[in-house]
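Here the structure comes first, spelled out in C-alpha cells, and everything after it is commentary.
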Amino acid sequence: MRLLGDRGSTELDETTIRAFLRDEYPRLVGAVGLACGSAATAEDAVQEALARAWERSERGERIESLRAWVAVVAINLGRSRWRRARAESRAWAASAPAEARASDDEEALDVRRALGRLPARQREATVLRFYLGLDVEEVARAMGVSAGTVKTSLHRARGALARTLRQPEPEEAPDRGH
Amino acid sequence: MDIDERISAALGRAAPERPGTSEVFERVASRKARRRAVRRLRAPALAVAVVAATAGGYVLLGRLFTAPEATRPGAPSPVAPSVPAQDLRCPGPLPFEPGYLPSGFDPQPVAGPAPGAAPAEEGQLVLHYTDGRRAVEVRRPGTLFLELAQEDDAPTIRVLGARTADFGPVVPGGDEYIVQFFHPKGASLNDRCALFSLNEHGLALEELLRVAERLRAVDA
C-alpha cells in the first residue's frame with residue numbers, strides 16, 4: 001500500500017506512478033469492473049482517478065492509501081458514468097453476458113450477476129474487502145462510513161453471495177478482516 | 001474453504017480480464033496535465049460550460065459564457081478558447097442576504113474580492129463577508145469551471161433553502177470550495193446574471209454549505 005506523506009510531500013512522481021500502474025492497476029481495474037459492471041468503464045475510471053490523485057498530490061494533498069483512494073473514486077466514477085449510459089439494473093442485466101470472457105465458468109457468471117443485484121454500498125464493500133483484500137477498517141475509511149456499517153454491508157452481501165455459491169449462509173456478522 | 005475464501009476466489013474468476021498497461025502512464029499523465037491546466041484558470045473570466053440540473057440529471061449544455069481572456073498578466077490559458085471581452089455588469093442589488101455567517105463574521109459586506117482572491121472581472125459584482133482572517137465571497141456572475149463543474153463525485157446541495165435555487169456542484173477550486181447556483185429557481189441558463197457563486201477562503205466546507213443553505217431571498 002502506498003502512503004503519501006504530509007502536505008507538501010512530492011511522493012507521487014513518474015516513478016511511483018509507473019510502479020503503481022505495474023503493481024496495482026490491473027487488479028484495480030478488475031475491482032472497479034466488478035463493482036460497475038464494465039471493463040472499459042473501469043479502465044477509464046481508474047485512469048481518471050489516478051490522474052486526480054496525482055494532481056492532488058502535486059498540490060500537497062494527503063492521500064493515506066492510494067490504492068483504496070483510487071479504488072473508491074474510480075468506483076464512484078464508473079458507477080455514475082455507467083448510470084448515465086443506462087439504468088443501472090438494466091445495464092447489469094445486459095452487461096453480464098456482454099462482459100463474459102471465454103474462460104468464464106457458470107459460477108463466475110452467477111457471482112457477477114449476484115454482485116450486480118447487490119445495493120451499491122454492499123457491492124463496493126464486497127469488492128474492496130474480498131477482491132482487493134482491504135481490511136474492514138481500510139474499507140470503512142475509503143468509503144467514508146463506520147466499520148460497523150461495513151460489517152453490516154458485508155454480512156448482507158455474504159448472505160446473498162452464499163446463496164449464489166450454494167453455501168450455507170453465515171449466522172452472525174463477525175468479520176475477521178481487522 | 002469457508003464462505004469468505006469462496007467469495008474471494010469466485011470474485012477472482014468473475015473479474016474482467018486483466019488489462020495491459022501499455023501507454024496507460026501516458027494517458028494518466030495527459031489527464032493529470034489537463035486537470036492542472038483547468039485548475040490554473042481559476043477565475044470566472046474564462047469560457048465555461050454550464051452543467052444544469054434537470055429532472056433527469058445533469059446535462060451538459062455546452063453553453064459558453066464569453067468573458068475576458070486572461071485573469072492576470074501572464075496567467076496561463078492553455079485550454080480556453082479565445083473569446084471577446086464582455087461586460088459582466090448585472091442590474092440591481094443582490095437578491096439574497098446571509099441568514100447565517102460563521103462566528104466572528106461581520107454581517108456587513110465588504111465590497112470587492114477577499115484579500116488574496118482572484119480580482120473581479122470588468123463589471124462583475126464581488127463582495128465578501130469576513131472576520132478579518134477568513135472570508136466568504138459572493139460573485140455575480142459566479143465562478144464556474146469548465147471541467148470541475150462536471151466532476152462526477154462533486155456533491156450537490158440546495159442553496160437558499162428549497163425556495164429559489166437547487167443547482168450547484170460544490171467544486172474544489174485550487175485551494176477553496178465554491179458553491180455555484182442559479183437564482184431565481186427556473187432562471188434561464190442563458191442568463192449570466194442569474195448565476196452566482198459563494199467562494200470560501202479559510203472556511204471548512206461544512207461552514208460554507210451552512211452559509212449557502214441559509215441564504216435568505218430578498219424581495220425586490
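We label chains A, B, ... in the order they appear in the C-alpha cells, count residues from 1 in each chain, and number ligands from 1 in the order shown.
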To test your reading of the structure, identify every residue in range 111-157 of chain A that backbone DSSP assigns to alpha helix (DSSP H), and report it as a PDB file with N, CA and C atoms, in the first residue's frame.
```
ATOM      1  N   VAL A 111     -21.882 -15.253  -9.934  1.00  0.00           N
ATOM      2  CA  VAL A 111     -21.365 -14.309  -8.948  1.00  0.00           C
ATOM      3  C   VAL A 111     -21.451 -12.883  -9.471  1.00  0.00           C
ATOM      4  N   ARG A 112     -21.134 -12.728 -10.742  1.00  0.00           N
ATOM      5  CA  ARG A 112     -21.194 -11.376 -11.306  1.00  0.00           C
ATOM      6  C   ARG A 112     -22.636 -10.862 -11.301  1.00  0.00           C
ATOM      7  N   ARG A 113     -23.552 -11.725 -11.642  1.00  0.00           N
ATOM      8  CA  ARG A 113     -24.958 -11.298 -11.613  1.00  0.00           C
ATOM      9  C   ARG A 113     -25.401 -10.997 -10.182  1.00  0.00           C
ATOM     10  N   ALA A 114     -24.958 -11.845  -9.259  1.00  0.00           N
ATOM     11  CA  ALA A 114     -25.339 -11.612  -7.860  1.00  0.00           C
ATOM     12  C   ALA A 114     -24.761 -10.299  -7.354  1.00  0.00           C
ATOM     13  N   LEU A 115     -23.528 -10.006  -7.740  1.00  0.00           N
ATOM     14  CA  LEU A 115     -22.938  -8.724  -7.358  1.00  0.00           C
ATOM     15  C   LEU A 115     -23.776  -7.573  -7.899  1.00  0.00           C
ATOM     16  N   GLY A 116     -24.193  -7.708  -9.126  1.00  0.00           N
ATOM     17  CA  GLY A 116     -24.957  -6.640  -9.755  1.00  0.00           C
ATOM     18  C   GLY A 116     -26.290  -6.381  -9.102  1.00  0.00           C
ATOM     19  N   ARG A 117     -26.805  -7.401  -8.426  1.00  0.00           N
ATOM     20  CA  ARG A 117     -28.092  -7.219  -7.747  1.00  0.00           C
ATOM     21  C   ARG A 117     -27.932  -6.612  -6.355  1.00  0.00           C
ATOM     22  N   ALA A 120     -25.502  -0.732  -3.986  1.00  0.00           N
ATOM     23  CA  ALA A 120     -24.171  -0.222  -4.335  1.00  0.00           C
ATOM     24  C   ALA A 120     -23.189  -0.331  -3.172  1.00  0.00           C
ATOM     25  N   ARG A 121     -23.640   0.044  -1.982  1.00  0.00           N
ATOM     26  CA  ARG A 121     -22.704   0.031  -0.851  1.00  0.00           C
ATOM     27  C   ARG A 121     -22.219  -1.383  -0.543  1.00  0.00           C
ATOM     28  N   GLN A 122     -23.151  -2.327  -0.589  1.00  0.00           N
ATOM     29  CA  GLN A 122     -22.750  -3.716  -0.332  1.00  0.00           C
ATOM     30  C   GLN A 122     -21.790  -4.209  -1.408  1.00  0.00           C
ATOM     31  N   ARG A 123     -22.078  -3.841  -2.643  1.00  0.00           N
ATOM     32  CA  ARG A 123     -21.225  -4.296  -3.738  1.00  0.00           C
ATOM     33  C   ARG A 123     -19.806  -3.712  -3.602  1.00  0.00           C
ATOM     34  N   GLU A 124     -19.744  -2.432  -3.263  1.00  0.00           N
ATOM     35  CA  GLU A 124     -18.430  -1.797  -3.143  1.00  0.00           C
ATOM     36  C   GLU A 124     -17.645  -2.394  -1.980  1.00  0.00           C
ATOM     37  N   ALA A 125     -18.330  -2.555  -0.859  1.00  0.00           N
ATOM     38  CA  ALA A 125     -17.643  -3.135   0.300  1.00  0.00           C
ATOM     39  C   ALA A 125     -17.158  -4.543   0.000  1.00  0.00           C
ATOM     40  N   THR A 126     -17.987  -5.298  -0.707  1.00  0.00           N
ATOM     41  CA  THR A 126     -17.609  -6.675  -1.055  1.00  0.00           C
ATOM     42  C   THR A 126     -16.368  -6.706  -1.937  1.00  0.00           C
ATOM     43  N   VAL A 136     -11.385  -4.402   7.143  1.00  0.00           N
ATOM     44  CA  VAL A 136     -12.630  -3.667   7.372  1.00  0.00           C
ATOM     45  C   VAL A 136     -12.370  -2.193   7.662  1.00  0.00           C
ATOM     46  N   GLU A 137     -11.346  -1.915   8.446  1.00  0.00           N
ATOM     47  CA  GLU A 137     -11.045  -0.517   8.771  1.00  0.00           C
ATOM     48  C   GLU A 137     -10.650   0.258   7.514  1.00  0.00           C
ATOM     49  N   GLU A 138      -9.887  -0.351   6.658  1.00  0.00           N
ATOM     50  CA  GLU A 138      -9.495   0.319   5.415  1.00  0.00           C
ATOM     51  C   GLU A 138     -10.702   0.567   4.522  1.00  0.00           C
ATOM     52  N   VAL A 139     -11.569  -0.422   4.447  1.00  0.00           N
ATOM     53  CA  VAL A 139     -12.777  -0.253   3.647  1.00  0.00           C
ATOM     54  C   VAL A 139     -13.616   0.893   4.201  1.00  0.00           C
ATOM     55  N   ALA A 140     -13.736   0.925   5.512  1.00  0.00           N
ATOM     56  CA  ALA A 140     -14.541   1.975   6.144  1.00  0.00           C
ATOM     57  C   ALA A 140     -13.962   3.353   5.859  1.00  0.00           C
ATOM     58  N   ARG A 141     -12.653   3.490   6.001  1.00  0.00           N
ATOM     59  CA  ARG A 141     -12.030   4.796   5.731  1.00  0.00           C
ATOM     60  C   ARG A 141     -12.200   5.179   4.274  1.00  0.00           C
ATOM     61  N   ALA A 142     -12.010   4.219   3.397  1.00  0.00           N
ATOM     62  CA  ALA A 142     -12.098   4.532   1.970  1.00  0.00           C
ATOM     63  C   ALA A 142     -13.513   4.932   1.576  1.00  0.00           C
ATOM     64  N   MET A 143     -14.509   4.285   2.172  1.00  0.00           N
ATOM     65  CA  MET A 143     -15.898   4.570   1.798  1.00  0.00           C
ATOM     66  C   MET A 143     -16.498   5.700   2.617  1.00  0.00           C
ATOM     67  N   ALA A 147     -16.896   1.385  10.580  1.00  0.00           N
ATOM     68  CA  ALA A 147     -16.562  -0.033  10.451  1.00  0.00           C
ATOM     69  C   ALA A 147     -17.806  -0.893  10.645  1.00  0.00           C
ATOM     70  N   GLY A 148     -18.685  -0.462  11.541  1.00  0.00           N
ATOM     71  CA  GLY A 148     -19.917  -1.209  11.764  1.00  0.00           C
ATOM     72  C   GLY A 148     -20.781  -1.271  10.518  1.00  0.00           C
ATOM     73  N   THR A 149     -20.844  -0.161   9.818  1.00  0.00           N
ATOM     74  CA  THR A 149     -21.625  -0.133   8.578  1.00  0.00           C
ATOM     75  C   THR A 149     -21.026  -1.087   7.555  1.00  0.00           C
ATOM     76  N   VAL A 150     -19.703  -1.105   7.492  1.00  0.00           N
ATOM     77  CA  VAL A 150     -19.048  -2.029   6.557  1.00  0.00           C
ATOM     78  C   VAL A 150     -19.365  -3.472   6.931  1.00  0.00           C
ATOM     79  N   LYS A 151     -19.289  -3.779   8.219  1.00  0.00           N
ATOM     80  CA  LYS A 151     -19.563  -5.151   8.651  1.00  0.00           C
ATOM     81  C   LYS A 151     -20.991  -5.564   8.303  1.00  0.00           C
ATOM     82  N   THR A 152     -21.918  -4.630   8.527  1.00  0.00           N
ATOM     83  CA  THR A 152     -23.307  -4.937   8.192  1.00  0.00           C
ATOM     84  C   THR A 152     -23.465  -5.176   6.693  1.00  0.00           C
ATOM     85  N   SER A 153     -22.839  -4.294   5.913  1.00  0.00           N
ATOM     86  CA  SER A 153     -22.920  -4.449   4.452  1.00  0.00           C
ATOM     87  C   SER A 153     -22.327  -5.780   4.017  1.00  0.00           C
ATOM     88  N   LEU A 154     -21.184  -6.121   4.595  1.00  0.00           N
ATOM     89  CA  LEU A 154     -20.530  -7.377   4.215  1.00  0.00           C
ATOM     90  C   LEU A 154     -21.361  -8.583   4.631  1.00  0.00           C
ATOM     91  N   HIS A 155     -21.981  -8.472   5.779  1.00  0.00           N
ATOM     92  CA  HIS A 155     -22.796  -9.593   6.246  1.00  0.00           C
ATOM     93  C   HIS A 155     -23.943  -9.855   5.283  1.00  0.00           C
ATOM     94  N   ARG A 156     -24.606  -8.781   4.888  1.00  0.00           N
ATOM     95  CA  ARG A 156     -25.741  -8.948   3.975  1.00  0.00           C
ATOM     96  C   ARG A 156     -25.269  -9.446   2.607  1.00  0.00           C
ATOM     97  N   ALA A 157     -24.170  -8.893   2.148  1.00  0.00           N
ATOM     98  CA  ALA A 157     -23.649  -9.319   0.849  1.00  0.00           C
ATOM     99  C   ALA A 157     -23.209 -10.782   0.907  1.00  0.00           C
TER     100      ALA A 157
END
```
Given a cut-off of 7 Å, which residues of chain B touch chain A, counting only C-alpha atoms, written out as a PDB file with C-alpha atoms, in the first residue's frame?
```pdb
ATOM      1  CA  ILE B   3     -17.509 -18.698   2.619  1.00  0.00           C
ATOM      2  CA  ILE B   7     -16.293 -15.434  -2.350  1.00  0.00           C
ATOM      3  CA  SER B   8     -12.741 -14.168  -2.864  1.00  0.00           C
ATOM      4  CA  ALA B  10     -15.224 -16.526  -7.138  1.00  0.00           C
ATOM      5  CA  LEU B  11     -14.629 -12.796  -7.491  1.00  0.00           C
ATOM      6  CA  GLY B  12     -11.178 -13.519  -8.832  1.00  0.00           C
ATOM      7  CA  ARG B  13     -12.724 -15.626 -11.586  1.00  0.00           C
ATOM      8  CA  ALA B  14     -15.564 -13.176 -12.207  1.00  0.00           C
ATOM      9  CA  ALA B  15     -13.362 -10.090 -12.557  1.00  0.00           C
ATOM     10  CA  PRO B  16     -12.648  -8.726 -16.032  1.00  0.00           C
ATOM     11  CA  ARG B  18      -6.541  -8.002 -16.590  1.00  0.00           C
ATOM     12  CA  PRO B  19      -5.796  -5.114 -18.901  1.00  0.00           C
ATOM     13  CA  THR B  21      -0.584  -1.314 -19.067  1.00  0.00           C
ATOM     14  CA  PHE B  25       1.057   6.050 -17.986  1.00  0.00           C
ATOM     15  CA  VAL B  28      -2.822   9.223 -16.950  1.00  0.00           C
ATOM     16  CA  ALA B  29      -0.155  11.911 -17.307  1.00  0.00           C
ATOM     17  CA  ARG B  31      -5.313  13.621 -17.876  1.00  0.00           C
ATOM     18  CA  LYS B  32      -3.384  14.993 -14.939  1.00  0.00           C
ATOM     19  CA  ARG B  36      -3.895  21.002 -13.652  1.00  0.00           C
ATOM     20  CA  ASP B 152     -18.894  13.134 -11.104  1.00  0.00           C
ATOM     21  CA  ASP B 153     -18.094  12.988  -7.453  1.00  0.00           C
TER      22      ASP B 153
END
```
List as a PDB file with N, CA and C atoms, in the first residue's frame the protein and nucleic acid residues near Arg133 in chain B, meaning an atom at most 12 Å away when only C-alpha atoms are counted, but skip any in the same chain fewer than 2 places from it.
```pdb
ATOM      1  N   PRO B 102     -20.434  32.507   9.847  1.00  0.00           N
ATOM      2  CA  PRO B 102     -19.662  31.882  10.922  1.00  0.00           C
ATOM      3  C   PRO B 102     -19.393  32.869  12.052  1.00  0.00           C
ATOM      4  N   SER B 103     -19.159  32.321  13.210  1.00  0.00           N
ATOM      5  CA  SER B 103     -18.906  33.127  14.394  1.00  0.00           C
ATOM      6  C   SER B 103     -17.765  34.116  14.142  1.00  0.00           C
ATOM      7  N   GLY B 104     -18.018  35.376  14.533  1.00  0.00           N
ATOM      8  CA  GLY B 104     -16.985  36.393  14.396  1.00  0.00           C
ATOM      9  C   GLY B 104     -17.056  37.178  13.109  1.00  0.00           C
ATOM     10  N   PHE B 105     -17.904  36.725  12.163  1.00  0.00           N
ATOM     11  CA  PHE B 105     -18.010  37.431  10.883  1.00  0.00           C
ATOM     12  C   PHE B 105     -18.848  38.696  11.054  1.00  0.00           C
ATOM     13  N   ASP B 106     -18.404  39.753  10.391  1.00  0.00           N
ATOM     14  CA  ASP B 106     -19.158  40.997  10.357  1.00  0.00           C
ATOM     15  C   ASP B 106     -20.325  40.824   9.391  1.00  0.00           C
ATOM     16  N   ALA B 114     -12.149  39.010  -1.594  1.00  0.00           N
ATOM     17  CA  ALA B 114     -11.434  38.771  -0.343  1.00  0.00           C
ATOM     18  C   ALA B 114      -9.938  38.968  -0.593  1.00  0.00           C
ATOM     19  N   PRO B 115      -9.210  39.370   0.437  1.00  0.00           N
ATOM     20  CA  PRO B 115      -7.764  39.550   0.270  1.00  0.00           C
ATOM     21  C   PRO B 115      -7.110  38.287  -0.300  1.00  0.00           C
ATOM     22  N   GLY B 116      -6.357  38.482  -1.350  1.00  0.00           N
ATOM     23  CA  GLY B 116      -5.655  37.363  -1.956  1.00  0.00           C
ATOM     24  C   GLY B 116      -6.459  36.583  -2.974  1.00  0.00           C
ATOM     25  N   HIS B 128     -17.558  40.519  -0.117  1.00  0.00           N
ATOM     26  CA  HIS B 128     -17.230  39.412   0.783  1.00  0.00           C
ATOM     27  C   HIS B 128     -17.580  39.755   2.222  1.00  0.00           C
ATOM     28  N   TYR B 129     -17.813  38.726   2.974  1.00  0.00           N
ATOM     29  CA  TYR B 129     -18.015  38.812   4.414  1.00  0.00           C
ATOM     30  C   TYR B 129     -16.785  38.212   5.077  1.00  0.00           C
ATOM     31  N   THR B 130     -16.374  38.833   6.176  1.00  0.00           N
ATOM     32  CA  THR B 130     -15.110  38.375   6.754  1.00  0.00           C
ATOM     33  C   THR B 130     -15.066  38.586   8.263  1.00  0.00           C
ATOM     34  N   ASP B 131     -14.225  37.818   8.892  1.00  0.00           N
ATOM     35  CA  ASP B 131     -13.912  38.078  10.297  1.00  0.00           C
ATOM     36  C   ASP B 131     -12.503  38.649  10.414  1.00  0.00           C
ATOM     37  N   ALA B 135     -12.964  34.420   4.955  1.00  0.00           N
ATOM     38  CA  ALA B 135     -13.939  35.187   4.183  1.00  0.00           C
ATOM     39  C   ALA B 135     -14.830  34.265   3.357  1.00  0.00           C
ATOM     40  N   VAL B 136     -16.023  34.784   3.074  1.00  0.00           N
ATOM     41  CA  VAL B 136     -16.919  34.169   2.091  1.00  0.00           C
ATOM     42  C   VAL B 136     -17.215  35.231   1.050  1.00  0.00           C
ATOM     43  N   GLU B 200     -15.295  30.293  -0.710  1.00  0.00           N
ATOM     44  CA  GLU B 200     -14.786  30.409   0.673  1.00  0.00           C
ATOM     45  C   GLU B 200     -13.276  30.568   0.685  1.00  0.00           C
ATOM     46  N   HIS B 201     -12.818  31.255   1.685  1.00  0.00           N
ATOM     47  CA  HIS B 201     -11.380  31.417   1.900  1.00  0.00           C
ATOM     48  C   HIS B 201     -11.104  31.169   3.383  1.00  0.00           C
ATOM     49  N   GLY B 202     -10.610  29.997   3.677  1.00  0.00           N
ATOM     50  CA  GLY B 202     -10.256  29.672   5.055  1.00  0.00           C
ATOM     51  C   GLY B 202     -11.357  29.023   5.860  1.00  0.00           C
ATOM     52  N   LEU B 203     -12.488  28.753   5.224  1.00  0.00           N
ATOM     53  CA  LEU B 203     -13.595  28.102   5.939  1.00  0.00           C
ATOM     54  C   LEU B 203     -13.598  26.611   5.651  1.00  0.00           C
TER      55      LEU B 203
END
```
Can you tell me, as a PDB file with N, CA and C atoms, in the first residue's frame, what residues are no more than 8 Å from Phe96 in chain B when counting only C-alpha atoms, ignoring any on the same chain fewer than 3 positions away?
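So out.pdb came out as:
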```pdb
ATOM      1  N   LEU B 215     -28.919  31.112   3.074  1.00  0.00           N
ATOM      2  CA  LEU B 215     -29.136  32.400   2.414  1.00  0.00           C
ATOM      3  C   LEU B 215     -30.633  32.706   2.411  1.00  0.00           C
ATOM      4  N   ARG B 216     -30.929  33.993   2.527  1.00  0.00           N
ATOM      5  CA  ARG B 216     -32.339  34.416   2.516  1.00  0.00           C
ATOM      6  C   ARG B 216     -32.593  35.268   1.291  1.00  0.00           C
ATOM      7  N   ALA B 217     -33.652  34.945   0.572  1.00  0.00           N
ATOM      8  CA  ALA B 217     -34.012  35.762  -0.582  1.00  0.00           C
ATOM      9  C   ALA B 217     -34.505  37.121  -0.112  1.00  0.00           C
ATOM     10  N   VAL B 218     -34.147  38.132  -0.839  1.00  0.00           N
ATOM     11  CA  VAL B 218     -34.603  39.488  -0.541  1.00  0.00           C
ATOM     12  C   VAL B 218     -35.554  39.900  -1.644  1.00  0.00           C
TER      13      VAL B 218
END
```
Between B:Glu97, B:Ala187, B:Leu198, B:Val179, single out the one closest to Val126 in chain B, counting only C-alpha atoms.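 Of all the options, B:Leu198 lies closest to Val126 in chain B.
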So how many Å separate CA of Ile63 in chain A and CA of Ala212 in chain B, to one decimal?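 Computed distance, CA of Ile63 in chain A to CA of Ala212 in chain B, equals 27.9 Å.
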